[in-house]
Structures are given as structure tokens and as C-alpha cells.
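For reference, protein-v3.txt (compact mmCIF, N, CA and C atoms and all ligand atoms):
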```txt
# COMPACT_ATOMS: atom_id res chain seq x y z
N MET A 20 8.75 -14.09 81.21
CA MET A 20 9.86 -13.15 81.39
C MET A 20 9.72 -11.98 80.40
N ALA A 21 9.87 -10.82 80.92
CA ALA A 21 9.74 -9.64 80.06
C ALA A 21 10.95 -9.53 79.15
N ARG A 22 10.68 -9.22 77.94
CA ARG A 22 11.78 -9.08 77.00
C ARG A 22 12.46 -7.73 77.17
N ALA A 23 13.77 -7.77 77.25
CA ALA A 23 14.50 -6.52 77.41
C ALA A 23 14.36 -5.67 76.16
N ARG A 24 14.07 -4.43 76.37
CA ARG A 24 13.91 -3.56 75.22
C ARG A 24 15.29 -3.23 74.64
N LYS A 25 15.34 -3.23 73.36
CA LYS A 25 16.62 -2.94 72.70
C LYS A 25 17.01 -1.49 72.94
N PRO A 26 18.27 -1.26 73.29
CA PRO A 26 18.69 0.13 73.46
C PRO A 26 18.60 0.87 72.13
N LYS A 27 18.19 2.09 72.23
CA LYS A 27 18.01 2.88 71.01
C LYS A 27 19.36 3.09 70.33
N GLN A 28 19.36 2.87 69.04
CA GLN A 28 20.59 3.02 68.28
C GLN A 28 20.86 4.49 67.99
N GLU A 29 22.03 4.95 68.42
CA GLU A 29 22.41 6.30 68.07
C GLU A 29 22.90 6.28 66.63
N PRO A 30 22.38 7.18 65.82
CA PRO A 30 22.89 7.18 64.44
C PRO A 30 24.36 7.60 64.40
N VAL A 31 25.16 6.77 63.78
CA VAL A 31 26.58 7.11 63.66
C VAL A 31 26.85 7.62 62.25
N ARG A 32 27.94 8.28 62.13
CA ARG A 32 28.30 8.75 60.80
C ARG A 32 28.87 7.58 60.01
N ILE A 33 28.15 7.17 59.02
CA ILE A 33 28.60 6.05 58.22
C ILE A 33 29.46 6.57 57.08
N ARG A 34 30.65 6.05 57.04
CA ARG A 34 31.56 6.52 55.99
C ARG A 34 31.54 5.61 54.78
N LEU A 35 30.71 4.61 54.85
CA LEU A 35 30.64 3.68 53.73
C LEU A 35 29.65 4.20 52.69
N LYS A 36 29.92 3.84 51.48
CA LYS A 36 29.04 4.24 50.39
C LYS A 36 28.71 3.02 49.56
N LYS A 37 27.69 3.20 48.75
CA LYS A 37 27.32 2.15 47.82
C LYS A 37 28.51 1.82 46.92
N ASN A 38 28.67 0.54 46.63
CA ASN A 38 29.75 0.03 45.77
C ASN A 38 31.11 -0.01 46.44
N ASP A 39 31.20 0.34 47.72
CA ASP A 39 32.45 0.17 48.46
C ASP A 39 32.68 -1.32 48.67
N LEU A 40 33.93 -1.70 48.72
CA LEU A 40 34.25 -3.08 49.03
C LEU A 40 34.53 -3.17 50.53
N VAL A 41 33.84 -4.09 51.19
CA VAL A 41 34.03 -4.21 52.64
C VAL A 41 34.38 -5.64 53.02
N GLU A 42 35.01 -5.76 54.17
CA GLU A 42 35.33 -7.07 54.71
C GLU A 42 34.59 -7.23 56.03
N VAL A 43 34.02 -8.42 56.24
CA VAL A 43 33.30 -8.69 57.48
C VAL A 43 34.32 -9.03 58.56
N THR A 44 34.21 -8.39 59.71
CA THR A 44 35.23 -8.56 60.74
C THR A 44 34.79 -9.51 61.85
N THR A 45 33.52 -9.84 61.91
CA THR A 45 33.06 -10.68 63.00
C THR A 45 31.89 -11.55 62.55
N GLY A 46 31.58 -12.55 63.33
CA GLY A 46 30.45 -13.41 63.02
C GLY A 46 30.82 -14.55 62.09
N LYS A 47 29.79 -15.26 61.62
CA LYS A 47 30.06 -16.45 60.82
C LYS A 47 30.57 -16.11 59.42
N GLU A 48 30.39 -14.89 59.02
CA GLU A 48 30.87 -14.47 57.70
C GLU A 48 32.23 -13.79 57.77
N GLN A 49 32.88 -13.91 58.90
CA GLN A 49 34.16 -13.24 59.12
C GLN A 49 35.17 -13.51 58.01
N GLY A 50 35.82 -12.46 57.55
CA GLY A 50 36.85 -12.61 56.53
C GLY A 50 36.34 -12.52 55.11
N LYS A 51 35.02 -12.57 54.94
CA LYS A 51 34.48 -12.48 53.59
C LYS A 51 34.41 -11.03 53.14
N THR A 52 34.54 -10.85 51.86
CA THR A 52 34.43 -9.50 51.34
C THR A 52 33.27 -9.41 50.34
N GLY A 53 32.74 -8.24 50.24
CA GLY A 53 31.63 -8.03 49.31
C GLY A 53 31.43 -6.56 49.05
N LYS A 54 30.58 -6.30 48.09
CA LYS A 54 30.30 -4.94 47.68
C LYS A 54 29.07 -4.42 48.42
N VAL A 55 29.15 -3.19 48.86
CA VAL A 55 28.00 -2.58 49.54
C VAL A 55 26.90 -2.32 48.52
N LEU A 56 25.73 -2.88 48.79
CA LEU A 56 24.60 -2.69 47.88
C LEU A 56 23.73 -1.52 48.32
N LYS A 57 23.63 -1.36 49.64
CA LYS A 57 22.75 -0.33 50.17
C LYS A 57 23.22 0.07 51.56
N VAL A 58 23.05 1.33 51.89
CA VAL A 58 23.40 1.83 53.21
C VAL A 58 22.13 2.31 53.89
N TYR A 59 21.86 1.77 55.08
CA TYR A 59 20.70 2.22 55.86
C TYR A 59 21.22 3.11 56.97
N ARG A 60 21.31 4.40 56.72
CA ARG A 60 21.92 5.29 57.69
C ARG A 60 21.15 5.36 59.00
N GLU A 61 19.82 5.35 58.91
CA GLU A 61 19.03 5.49 60.13
C GLU A 61 19.12 4.26 61.01
N LYS A 62 19.52 3.12 60.45
CA LYS A 62 19.61 1.90 61.23
C LYS A 62 21.06 1.45 61.48
N ASN A 63 22.00 2.20 60.98
CA ASN A 63 23.42 1.84 61.09
C ASN A 63 23.72 0.49 60.45
N GLN A 64 23.04 0.20 59.40
CA GLN A 64 23.23 -1.09 58.75
C GLN A 64 23.59 -0.92 57.28
N VAL A 65 24.24 -1.96 56.78
CA VAL A 65 24.55 -1.98 55.35
C VAL A 65 24.14 -3.32 54.77
N LEU A 66 23.84 -3.29 53.50
CA LEU A 66 23.52 -4.51 52.79
C LEU A 66 24.74 -4.82 51.93
N VAL A 67 25.31 -6.01 52.12
CA VAL A 67 26.52 -6.36 51.40
C VAL A 67 26.24 -7.57 50.51
N GLU A 68 26.71 -7.46 49.28
CA GLU A 68 26.48 -8.50 48.29
C GLU A 68 26.99 -9.86 48.78
N LYS A 69 26.12 -10.86 48.74
CA LYS A 69 26.44 -12.24 49.07
C LYS A 69 26.90 -12.45 50.52
N ILE A 70 26.66 -11.49 51.39
CA ILE A 70 27.01 -11.63 52.80
C ILE A 70 25.72 -11.66 53.62
N ASN A 71 25.71 -12.53 54.62
CA ASN A 71 24.56 -12.61 55.52
C ASN A 71 23.29 -13.03 54.76
N MET A 72 23.45 -14.07 53.96
CA MET A 72 22.31 -14.54 53.17
C MET A 72 21.27 -15.19 54.08
N ILE A 73 20.04 -14.89 53.80
CA ILE A 73 18.96 -15.52 54.53
C ILE A 73 18.04 -16.20 53.53
N LYS A 74 17.35 -17.20 54.01
CA LYS A 74 16.42 -17.90 53.14
C LYS A 74 15.02 -17.40 53.41
N ARG A 75 14.38 -16.99 52.38
CA ARG A 75 13.01 -16.52 52.47
C ARG A 75 12.10 -17.58 51.86
N HIS A 76 11.14 -17.97 52.61
CA HIS A 76 10.18 -18.93 52.08
C HIS A 76 9.01 -18.16 51.51
N THR A 77 8.81 -18.30 50.23
CA THR A 77 7.70 -17.56 49.63
C THR A 77 6.60 -18.52 49.21
N ARG A 78 5.42 -18.06 49.36
CA ARG A 78 4.24 -18.84 49.01
C ARG A 78 4.10 -18.88 47.48
N PRO A 79 3.83 -20.03 46.94
CA PRO A 79 3.67 -20.07 45.48
C PRO A 79 2.52 -19.19 45.03
N SER A 80 2.80 -18.45 44.01
CA SER A 80 1.77 -17.56 43.50
C SER A 80 0.75 -18.35 42.69
N PRO A 81 -0.53 -18.09 42.88
CA PRO A 81 -1.55 -18.86 42.15
C PRO A 81 -1.51 -18.63 40.64
N THR A 82 -0.96 -17.49 40.24
CA THR A 82 -0.94 -17.21 38.80
C THR A 82 0.30 -17.79 38.12
N THR A 83 1.48 -17.56 38.72
CA THR A 83 2.69 -18.04 38.07
C THR A 83 3.12 -19.42 38.57
N GLY A 84 2.63 -19.79 39.75
CA GLY A 84 3.03 -21.06 40.31
C GLY A 84 4.43 -21.04 40.91
N GLN A 85 5.07 -19.87 40.89
CA GLN A 85 6.42 -19.77 41.43
C GLN A 85 6.39 -19.54 42.93
N GLY A 86 7.39 -20.07 43.58
CA GLY A 86 7.48 -19.89 45.02
C GLY A 86 8.62 -20.72 45.54
N GLY A 87 8.64 -20.94 46.82
CA GLY A 87 9.69 -21.75 47.38
C GLY A 87 10.69 -20.92 48.14
N ILE A 88 11.95 -21.36 48.12
CA ILE A 88 12.97 -20.71 48.94
C ILE A 88 13.80 -19.75 48.10
N VAL A 89 13.83 -18.54 48.54
CA VAL A 89 14.60 -17.52 47.85
C VAL A 89 15.70 -17.05 48.80
N GLU A 90 16.93 -17.02 48.30
CA GLU A 90 18.01 -16.53 49.14
C GLU A 90 18.25 -15.06 48.85
N LYS A 91 18.37 -14.29 49.92
CA LYS A 91 18.66 -12.87 49.73
C LYS A 91 19.53 -12.35 50.87
N GLU A 92 20.14 -11.21 50.63
CA GLU A 92 21.00 -10.63 51.64
C GLU A 92 20.18 -9.98 52.74
N ALA A 93 20.70 -10.09 53.97
CA ALA A 93 20.10 -9.38 55.09
C ALA A 93 21.09 -8.31 55.52
N PRO A 94 20.58 -7.14 55.93
CA PRO A 94 21.51 -6.09 56.34
C PRO A 94 22.28 -6.46 57.60
N LEU A 95 23.51 -5.96 57.71
CA LEU A 95 24.28 -6.18 58.93
C LEU A 95 24.82 -4.85 59.42
N TYR A 96 25.18 -4.82 60.69
CA TYR A 96 25.60 -3.57 61.30
C TYR A 96 26.94 -3.10 60.75
N VAL A 97 27.05 -1.81 60.57
CA VAL A 97 28.28 -1.25 60.00
C VAL A 97 29.50 -1.55 60.85
N SER A 98 29.27 -1.77 62.16
CA SER A 98 30.40 -2.05 63.03
C SER A 98 30.99 -3.43 62.75
N LYS A 99 30.30 -4.22 61.98
CA LYS A 99 30.79 -5.56 61.66
C LYS A 99 31.58 -5.60 60.36
N VAL A 100 31.64 -4.49 59.67
CA VAL A 100 32.38 -4.49 58.42
C VAL A 100 33.45 -3.39 58.42
N LYS A 101 34.44 -3.63 57.60
CA LYS A 101 35.54 -2.70 57.46
C LYS A 101 35.71 -2.39 55.99
N LEU A 102 36.01 -1.18 55.69
CA LEU A 102 36.23 -0.81 54.30
C LEU A 102 37.56 -1.39 53.81
N VAL A 103 37.53 -1.94 52.62
CA VAL A 103 38.75 -2.48 52.03
C VAL A 103 39.30 -1.45 51.05
N CYS A 104 40.56 -1.15 51.22
CA CYS A 104 41.21 -0.18 50.35
C CYS A 104 41.39 -0.78 48.96
N PRO A 105 40.88 -0.12 47.93
CA PRO A 105 41.03 -0.69 46.58
C PRO A 105 42.46 -0.63 46.06
N LYS A 106 43.28 0.22 46.68
CA LYS A 106 44.65 0.36 46.21
C LYS A 106 45.56 -0.70 46.79
N CYS A 107 45.50 -0.92 48.11
CA CYS A 107 46.40 -1.90 48.71
C CYS A 107 45.66 -3.16 49.12
N ALA A 108 44.35 -3.25 48.81
CA ALA A 108 43.54 -4.45 49.04
C ALA A 108 43.58 -4.95 50.48
N THR A 109 43.66 -4.04 51.42
CA THR A 109 43.66 -4.41 52.83
C THR A 109 42.50 -3.71 53.53
N ALA A 110 41.90 -4.42 54.46
CA ALA A 110 40.87 -3.79 55.28
C ALA A 110 41.57 -2.93 56.32
N THR A 111 41.60 -1.66 56.07
CA THR A 111 42.35 -0.76 56.94
C THR A 111 41.45 0.32 57.49
N ARG A 112 42.06 1.22 58.23
CA ARG A 112 41.32 2.37 58.74
C ARG A 112 41.55 3.53 57.79
N PHE A 113 40.60 4.44 57.86
CA PHE A 113 40.65 5.57 56.94
C PHE A 113 40.49 6.86 57.69
N SER A 114 41.02 7.90 57.14
CA SER A 114 40.77 9.21 57.71
C SER A 114 40.16 10.07 56.61
N LEU A 115 39.53 11.12 57.03
CA LEU A 115 38.92 12.01 56.06
C LEU A 115 39.85 13.17 55.79
N THR A 116 39.90 13.57 54.57
CA THR A 116 40.71 14.72 54.22
C THR A 116 39.95 15.54 53.19
N ARG A 117 40.46 16.68 52.91
CA ARG A 117 39.83 17.49 51.88
C ARG A 117 40.73 17.55 50.66
N THR A 118 40.11 17.39 49.53
CA THR A 118 40.88 17.45 48.30
C THR A 118 41.06 18.90 47.87
N GLY A 119 41.79 19.09 46.82
CA GLY A 119 42.04 20.44 46.31
C GLY A 119 40.77 21.20 45.99
N GLU A 120 39.75 20.47 45.54
CA GLU A 120 38.50 21.14 45.17
C GLU A 120 37.58 21.33 46.36
N GLY A 121 38.06 21.04 47.55
CA GLY A 121 37.23 21.22 48.74
C GLY A 121 36.30 20.07 49.02
N LYS A 122 36.45 18.98 48.27
CA LYS A 122 35.61 17.81 48.52
C LYS A 122 36.25 16.95 49.59
N LYS A 123 35.38 16.18 50.26
CA LYS A 123 35.91 15.26 51.26
C LYS A 123 36.33 13.96 50.58
N ALA A 124 37.43 13.42 51.01
CA ALA A 124 37.88 12.16 50.47
C ALA A 124 38.40 11.30 51.60
N ARG A 125 38.30 10.01 51.43
CA ARG A 125 38.82 9.11 52.44
C ARG A 125 40.23 8.68 52.05
N VAL A 126 41.08 8.66 53.04
CA VAL A 126 42.47 8.31 52.80
C VAL A 126 42.80 7.05 53.58
N CYS A 127 43.39 6.09 52.91
CA CYS A 127 43.81 4.85 53.56
C CYS A 127 44.99 5.15 54.48
N LEU A 128 44.89 4.70 55.72
CA LEU A 128 45.96 5.00 56.67
C LEU A 128 47.19 4.12 56.44
N LYS A 129 47.04 3.12 55.59
CA LYS A 129 48.17 2.25 55.34
C LYS A 129 49.00 2.72 54.16
N CYS A 130 48.36 2.86 53.01
CA CYS A 130 49.13 3.24 51.83
C CYS A 130 49.02 4.72 51.50
N LYS A 131 48.21 5.45 52.33
CA LYS A 131 48.04 6.90 52.16
C LYS A 131 47.42 7.30 50.84
N GLU A 132 46.75 6.35 50.20
CA GLU A 132 46.12 6.67 48.93
C GLU A 132 44.70 7.17 49.18
N MET A 133 44.27 8.07 48.35
CA MET A 133 42.92 8.57 48.44
C MET A 133 41.96 7.57 47.81
N ILE A 134 40.85 7.32 48.48
CA ILE A 134 39.89 6.35 47.98
C ILE A 134 38.92 6.99 47.00
N ASP A 135 38.50 8.19 47.32
CA ASP A 135 37.48 8.82 46.49
C ASP A 135 38.12 9.80 45.51
N GLY A 136 37.44 9.96 44.41
CA GLY A 136 37.83 10.96 43.42
C GLY A 136 39.12 10.68 42.84
ZN ZN A 201 45.47 1.39 51.05
```
Will you turn the file into C-alpha cells for me?
Amino acid sequence: MARARKPKQEPVRIRLKKNDLVEVTTGKEQGKTGKVLKVYREKNQVLVEKINMIKRHTRPSPTTGQGGIVEKEAPLYVSKVKLVCPKCATATRFSLTRTGEGKKARVCLKCKEMIDG
């Protein structure tokens, strides 16, 4: 059977940044929160601390003798996470606004607090 080709991912505007706190909204990690370690804009994925851990089997190195199973984070799609507002500690929706200095800032739609700056 021919394998279906994956539909090409349209790059979306990712509003998440490194060190943002996010909550997983779906999958086996649902409800967990973690810090964004890395954003892969071209793949629409984020790496979140302690979320989506995978086990990597590494071959023991002949020099150090180290090897075995290493646990590390695997990236997950941005659509699976929600930004958590640091002010009201809820995974809410955000809108973009401009601050007095003309910078963009994210505003929590629940408590109306600015997230950035
Ligand atoms: Zn809030």
C-alpha cells in the first residue's frame, strides 16, 4: 500500500516565544504545563520542557563507555499547546496590541493584562 504523502504544512504565525509557559490541550500530555524551550517556526512546532518525552537509545561510546537510554523532549505542534497567562495563570486566548512605544504585546483576553514588556 502506498503511503499517503503528508500534506505540506503552511507556516503559521507562531505567537509563542522561548520561555513562555504553555499548557498542552490534547494528547496523552493533556493538561500538563511547561516552559517553551525552542520554537521551530518552519515546522510549526515547539519544544516544551518535560513534555512529550521520548527515549533515545544511544550506543555506548568506546571511549567513555557511556550509553543506554536517554530521555529527551520531542517537539510538538503549536496547535496542541496554549499559552498560559502568567498573571491569571489560565490557559487563555490572547490578542495582539501595540504598546505606547509601538512594540507589539500580547494581551490576555481574560484578565486584560499585557504579557510582554
Ligand atoms: Zn490573564
Kindly compile the residues surrounding ligand ZN 201 (chain A) within 5 Å, counting only N, CA and C atoms and all ligand atoms, and format them as a ChimeraX atom specification. /A:104,106-107,127,129-130
Write out, as a PDB file, in the coordinates of the input, the residues just selected, with N, CA and C atoms.
```pdb
ATOM      1  N   CYS A 104      40.560  -1.150  51.220  1.00  0.00           N
ATOM      2  CA  CYS A 104      41.210  -0.180  50.350  1.00  0.00           C
ATOM      3  C   CYS A 104      41.390  -0.780  48.960  1.00  0.00           C
ATOM      4  N   LYS A 106      43.280   0.220  46.680  1.00  0.00           N
ATOM      5  CA  LYS A 106      44.650   0.360  46.210  1.00  0.00           C
ATOM      6  C   LYS A 106      45.560  -0.700  46.790  1.00  0.00           C
ATOM      7  N   CYS A 107      45.500  -0.920  48.110  1.00  0.00           N
ATOM      8  CA  CYS A 107      46.400  -1.900  48.710  1.00  0.00           C
ATOM      9  C   CYS A 107      45.660  -3.160  49.120  1.00  0.00           C
ATOM     10  N   CYS A 127      43.390   6.090  52.910  1.00  0.00           N
ATOM     11  CA  CYS A 127      43.810   4.850  53.560  1.00  0.00           C
ATOM     12  C   CYS A 127      44.990   5.150  54.480  1.00  0.00           C
ATOM     13  N   LYS A 129      47.040   3.120  55.590  1.00  0.00           N
ATOM     14  CA  LYS A 129      48.170   2.250  55.340  1.00  0.00           C
ATOM     15  C   LYS A 129      49.000   2.720  54.160  1.00  0.00           C
ATOM     16  N   CYS A 130      48.360   2.860  53.010  1.00  0.00           N
ATOM     17  CA  CYS A 130      49.130   3.240  51.830  1.00  0.00           C
ATOM     18  C   CYS A 130      49.020   4.720  51.500  1.00  0.00           C
TER      19      CYS A 130
END
```
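Shortest separation to Thr77 in chain A among A:Ala108, A:Val89, A:Val58, A:Arg117 occurs at residue A:Val89, atoms counted being only N, CA and C atoms.
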DSSP on the backbone, strand (DSSP E or B) only: what residues of chain A does that give? Format it as a PyMOL selection string. chain A and resi 40-43+52-59+64-67+72-77+87-92+95-96+100-103+110+113-117+123-127+133
If you run DSSP on the backbone, which residues of range 21-109 of chain A are helix (DSSP H, G or I), as JSON, numbers by chain? {"A": [60, 61, 62, 97, 98, 99]}
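Those residues that approach Leu56 in chain A to within 6 Å, counting all atoms listed in the file, are Lys37, Asn38, Leu66, Val67 and Glu68 of chain A; same-chain residues fewer than 4 positions away are not listed.
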Contact residues around range 92-94 of chain A with all atoms listed in the file at 7 Å, ignoring same-chain residues under 3 positions, as a ChimeraX atom specification: /A:64-73
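Here CA of Met133 in chain A stands at a distance of 26.4 Å from atom C of Lys62 in chain A.
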In Å, how far is it from CA of Val103 in chain A to CA of Leu35 in chain A? 10.3 Å
